[in-house]
$ cat target-v4.pdb   # PDB, C-alpha atoms
MODEL        1
ATOM      1  CA  GLY A   1     -56.689 -19.150  -3.877
ATOM      2  CA  LEU A   2     -53.826 -21.366  -5.017
ATOM      3  CA  ASN A   3     -55.672 -24.449  -3.735
ATOM      4  CA  ALA A   4     -55.679 -22.944  -0.217
ATOM      5  CA  GLN A   5     -51.901 -23.373  -0.052
ATOM      6  CA  THR A   6     -50.400 -20.136   1.194
ATOM      7  CA  CYS A   7     -46.745 -21.057   1.667
ATOM      8  CA  ASP A   8     -43.983 -23.641   1.411
ATOM      9  CA  ALA A   9     -40.902 -23.878   3.622
ATOM     10  CA  ALA A  10     -37.579 -25.606   3.089
ATOM     11  CA  ILE A  11     -35.474 -26.492   6.116
ATOM     12  CA  ALA A  12     -31.923 -27.823   6.031
ATOM     13  CA  GLU A  13     -30.890 -30.087   8.882
ATOM     14  CA  GLU A  14     -27.560 -31.516   9.918
ATOM     15  CA  GLU A  15     -27.192 -33.989  12.773
ATOM     16  CA  GLY A  16     -30.691 -33.144  13.994
ATOM     17  CA  HIS A  17     -30.115 -29.383  14.052
ATOM     18  CA  CYS A  18     -31.748 -26.796  11.800
ATOM     19  CA  ILE A  19     -28.967 -25.097   9.852
ATOM     20  CA  GLY A  20     -31.005 -23.327   7.156
ATOM     21  CA  THR A  21     -34.460 -22.050   6.287
ATOM     22  CA  THR A  22     -36.395 -20.412   3.496
ATOM     23  CA  ILE A  23     -40.091 -19.722   2.919
ATOM     24  CA  ALA A  24     -42.196 -18.906  -0.144
ATOM     25  CA  PHE A  25     -45.509 -17.138   0.370
ATOM     26  CA  TYR A  26     -48.075 -17.473  -2.410
ATOM     27  CA  TYR A  27     -50.475 -14.713  -3.356
ATOM     28  CA  LEU A  28     -52.744 -13.599  -6.197
ATOM     29  CA  SER A  29     -52.534 -10.374  -8.174
ATOM     30  CA  VAL A  30     -54.397  -9.021 -11.160
ATOM     31  CA  PRO A  31     -53.658 -11.254 -14.183
ATOM     32  CA  SER A  32     -51.502  -9.696 -16.896
ATOM     33  CA  SER A  33     -50.014 -10.598 -20.267
ATOM     34  CA  ARG A  34     -46.906 -11.939 -18.469
ATOM     35  CA  ASN A  35     -48.884 -13.630 -15.688
ATOM     36  CA  HIS A  36     -52.161 -15.008 -17.048
ATOM     37  CA  THR A  37     -53.219 -16.653 -13.772
ATOM     38  CA  GLY A  38     -52.124 -13.901 -11.389
ATOM     39  CA  LYS A  39     -50.289 -16.477  -9.220
ATOM     40  CA  ASN A  40     -47.128 -15.192  -7.526
ATOM     41  CA  ALA A  41     -44.539 -16.321  -4.992
ATOM     42  CA  TYR A  42     -42.426 -14.210  -2.673
ATOM     43  CA  ILE A  43     -39.355 -15.893  -1.182
ATOM     44  CA  THR A  44     -38.190 -14.743   2.231
ATOM     45  CA  SER A  45     -36.287 -15.857   5.332
ATOM     46  CA  VAL A  46     -33.389 -17.407   3.413
ATOM     47  CA  PHE A  47     -30.864 -18.145   6.147
ATOM     48  CA  VAL A  48     -27.968 -20.545   6.616
ATOM     49  CA  GLU A  49     -25.980 -20.783   9.845
ATOM     50  CA  PRO A  50     -22.720 -18.857   9.358
ATOM     51  CA  ASP A  51     -20.453 -21.868   9.920
ATOM     52  CA  CYS A  52     -22.451 -23.894   7.354
ATOM     53  CA  ARG A  53     -22.308 -21.369   4.491
ATOM     54  CA  ARG A  54     -20.520 -21.863   1.143
ATOM     55  CA  ARG A  55     -21.618 -25.522   0.980
ATOM     56  CA  GLY A  56     -24.596 -25.153  -1.395
ATOM     57  CA  ILE A  57     -27.227 -25.325   1.351
ATOM     58  CA  GLY A  58     -28.851 -21.966   0.578
ATOM     59  CA  SER A  59     -28.705 -22.654  -3.137
ATOM     60  CA  GLY A  60     -30.367 -26.035  -2.685
ATOM     61  CA  MET A  61     -33.173 -24.618  -0.548
ATOM     62  CA  VAL A  62     -33.879 -21.762  -2.981
ATOM     63  CA  LYS A  63     -33.874 -24.176  -5.953
ATOM     64  CA  GLN A  64     -36.407 -26.364  -4.118
ATOM     65  CA  ILE A  65     -38.644 -23.406  -3.248
ATOM     66  CA  VAL A  66     -38.518 -22.159  -6.870
ATOM     67  CA  ALA A  67     -39.485 -25.658  -8.111
ATOM     68  CA  TRP A  68     -42.453 -25.797  -5.721
ATOM     69  CA  ALA A  69     -43.568 -22.294  -6.755
ATOM     70  CA  GLN A  70     -43.377 -23.287 -10.425
ATOM     71  CA  GLN A  71     -45.352 -26.477  -9.716
ATOM     72  CA  SER A  72     -47.983 -24.283  -8.025
ATOM     73  CA  GLY A  73     -48.296 -22.324 -11.265
ATOM     74  CA  CYS A  74     -46.606 -19.105 -10.123
ATOM     75  CA  ALA A  75     -45.528 -16.974 -13.063
ATOM     76  CA  ASN A  76     -43.738 -14.431 -10.864
ATOM     77  CA  ILE A  77     -41.253 -15.584  -8.240
ATOM     78  CA  MET A  78     -39.678 -12.685  -6.371
ATOM     79  CA  LEU A  79     -37.421 -11.887  -3.446
ATOM     80  CA  THR A  80     -35.635  -8.950  -1.911
ATOM     81  CA  ALA A  81     -31.904  -9.602  -1.757
ATOM     82  CA  THR A  82     -29.288  -8.434   0.682
ATOM     83  CA  ASP A  83     -25.923  -7.414  -0.761
ATOM     84  CA  MET A  84     -24.526 -10.718   0.517
ATOM     85  CA  GLY A  85     -27.305 -12.821  -1.028
ATOM     86  CA  ALA A  86     -27.670 -11.093  -4.410
ATOM     87  CA  PRO A  87     -24.782 -12.928  -6.151
ATOM     88  CA  LEU A  88     -26.256 -16.302  -5.162
ATOM     89  CA  TYR A  89     -29.701 -15.365  -6.476
ATOM     90  CA  ARG A  90     -28.248 -14.078  -9.754
ATOM     91  CA  LYS A  91     -26.521 -17.459 -10.241
ATOM     92  CA  LEU A  92     -29.891 -19.149  -9.693
ATOM     93  CA  GLY A  93     -31.623 -17.068 -12.380
ATOM     94  CA  PHE A  94     -32.988 -14.057 -10.493
ATOM     95  CA  ARG A  95     -32.657 -10.619 -12.075
ATOM     96  CA  GLN A  96     -32.830  -7.228 -10.373
ATOM     97  CA  THR A  97     -35.997  -5.255 -11.099
ATOM     98  CA  PRO A  98     -37.242  -2.080  -9.417
ATOM     99  CA  GLY A  99     -37.987  -3.095  -5.818
ATOM    100  CA  ALA A 100     -37.164  -6.822  -5.926
ATOM    101  CA  MET A 101     -35.279  -9.569  -7.703
ATOM    102  CA  LEU A 102     -37.459 -11.537 -10.141
ATOM    103  CA  TYR A 103     -36.838 -15.139 -11.136
ATOM    104  CA  ALA A 104     -36.212 -14.753 -14.870
ATOM    105  CA  PRO A 105     -33.476 -17.128 -16.019
ATOM    106  CA  ASP A 106     -34.277 -16.359 -19.672
ATOM    107  CA  MET A 107     -33.540 -12.614 -19.290
ATOM    108  CA  GLU A 108     -30.041 -11.222 -19.877
TER     109      GLU A 108
ENDMDL
END

$ encode --input "target-v4.pdb" --output "structure tokens"
Amino acid sequence: GLNAQTCDAAIAEEEGHCIGTTIAFYYLSVPSSRNHTGKNAYITSVFVEPDCRRRGIGSGMVKQIVAWAQQSGCANIMLTATDMGAPLYRKLGFRQTPGAMLYAPDME
């Protein structure tokens, strides 16, 4: 499924050192009226080194992962947010749903 691609990863580097990571896993579910293809992405392992935070690194990685998931045809892009991460994800267009945050920039 999904052209045999099961995940994408974004890594932020500075001076040859990894300072941030995030991963999107791709999976199929039963197609629905909102998701005709059944293609989904689940974002996990969003991490930025503490002394590198508040510089847009996490935001940039998540934006890249969302773009790749959209290019892969994923109708649902989800993640589970920590209290610390939730404000960032809301700014990027994720909305809280039961159990996870869903990428839905058109929802209010």

$ closest_residue --input "target-v4.pdb" --among "A:Tyr26, A:Gly16, A:Leu79, A:Asn40" --to "Gly99 in chain A" --atoms "all atoms listed in the file"
A:Leu79

$ resolve_selection --input "target-v4.pdb" --expression "the PyMOL selection byres ((chain A and resi 59-72) around 7)" --output "list in words"
Ala10, Thr22, Ala24, Ala41, Gly56, Ile57, Gly58, Gly73 and Cys74 of chain A

$ write_last_selection --input "target-v4.pdb" --atoms "C-alpha atoms" --output "PDB file, in the coordinates of the input"
ATOM      1  CA  ALA A  10     -37.579 -25.606   3.089  1.00  0.00           C
ATOM      2  CA  THR A  22     -36.395 -20.412   3.496  1.00  0.00           C
ATOM      3  CA  ALA A  24     -42.196 -18.906  -0.144  1.00  0.00           C
ATOM      4  CA  ALA A  41     -44.539 -16.321  -4.992  1.00  0.00           C
ATOM      5  CA  GLY A  56     -24.596 -25.153  -1.395  1.00  0.00           C
ATOM      6  CA  ILE A  57     -27.227 -25.325   1.351  1.00  0.00           C
ATOM      7  CA  GLY A  58     -28.851 -21.966   0.578  1.00  0.00           C
ATOM      8  CA  GLY A  73     -48.296 -22.324 -11.265  1.00  0.00           C
ATOM      9  CA  CYS A  74     -46.606 -19.105 -10.123  1.00  0.00           C
TER      10      CYS A  74
END

$ atom_distance --input "target-v4.pdb" --atom1 "CA of Met78 in chain A" --atom2 "CA of Cys7 in chain A"
13.6 Å

$ closest_residue --input "target-v4.pdb" --among "A:Arg53, A:Gln5, A:Gln96, A:Lys39" --to "Asp83 in chain A" --atoms "only C-alpha atoms"
A:Gln96

$ residues_around --input "target-v4.pdb" --residues "Ala100 in chain A" --least-positions-apart "2" --cutoff "6 Å" --atoms "all atoms listed in the file" --output "PyMOL selection string"
chain A and resi 79-80+97-98

$ closest_residue --input "target-v4.pdb" --among "A:Ile77, A:Lys91, A:Glu13, A:Ala86" --to "Gly38 in chain A" --atoms "all atoms listed in the file"
A:Ile77

$ axis_aligned_box --input "target-v4.pdb" --around "range 98-105 of chain A" --padding-each-side "5 Å" --output "lines of an AutoDock Vina configuration file"
center_x = -35.7
center_y = -9.6
center_z = -10.9
size_x = 14.5
size_y = 25.0
size_z = 20.2

$ atom_distance --input "target-v4.pdb" --atom1 "CA of Asp106 in chain A" --atom2 "CA of Pro87 in chain A"
16.9 Å

$ closest_residue --input "target-v4.pdb" --among "A:Asn76, A:Leu88, A:Ser33, A:Thr21" --to "Arg54 in chain A" --atoms "all atoms listed in the file"
A:Leu88

$ atom_distance --input "target-v4.pdb" --atom1 "CA of Gly20 in chain A" --atom2 "CA of Leu102 in chain A"
21.9 Å

$ closest_residue --input "target-v4.pdb" --among "A:Ile23, A:Met84, A:Ala12, A:Ala75" --to "His36 in chain A" --atoms "all atoms listed in the file"
A:Ala75

$ closest_residue --input "target-v4.pdb" --among "A:Glu49, A:Arg55, A:Ala81, A:Arg90" --to "Cys18 in chain A" --atoms "only C-alpha atoms"
A:Glu49

$ decode --input "target-v4.pdb" --residues "range 32-50 of chain A" --atoms "C-alpha atoms" --output "short mmCIF file (atom, residue, chain, number, x, y, z; two decimals), in the first residue's frame"
data_model
loop_
_atom_site.label_atom_id
_atom_site.label_comp_id
_atom_site.auth_asym_id
_atom_site.auth_seq_id
_atom_site.Cartn_x
_atom_site.Cartn_y
_atom_site.Cartn_z
CA SER A 32 -14.93 6.85 3.99
CA SER A 33 -16.75 9.92 2.70
CA ARG A 34 -14.00 12.12 4.22
CA ASN A 35 -11.16 9.83 3.12
CA HIS A 36 -11.96 8.25 -0.24
CA THR A 37 -8.61 6.47 -0.59
CA GLY A 38 -8.22 5.31 3.01
CA LYS A 39 -4.65 6.73 3.11
CA ASN A 40 -3.56 8.10 6.49
CA ALA A 41 -0.45 9.46 8.19
CA TYR A 42 0.45 9.40 11.86
CA ILE A 43 3.16 11.83 12.98
CA THR A 44 5.33 10.83 15.92
CA SER A 45 8.75 11.36 17.50
CA VAL A 46 8.70 15.15 17.14
CA PHE A 47 11.71 16.24 19.17
CA VAL A 48 14.03 19.23 19.24
CA GLU A 49 17.04 19.48 21.55
CA PRO A 50 16.06 21.69 24.50
#
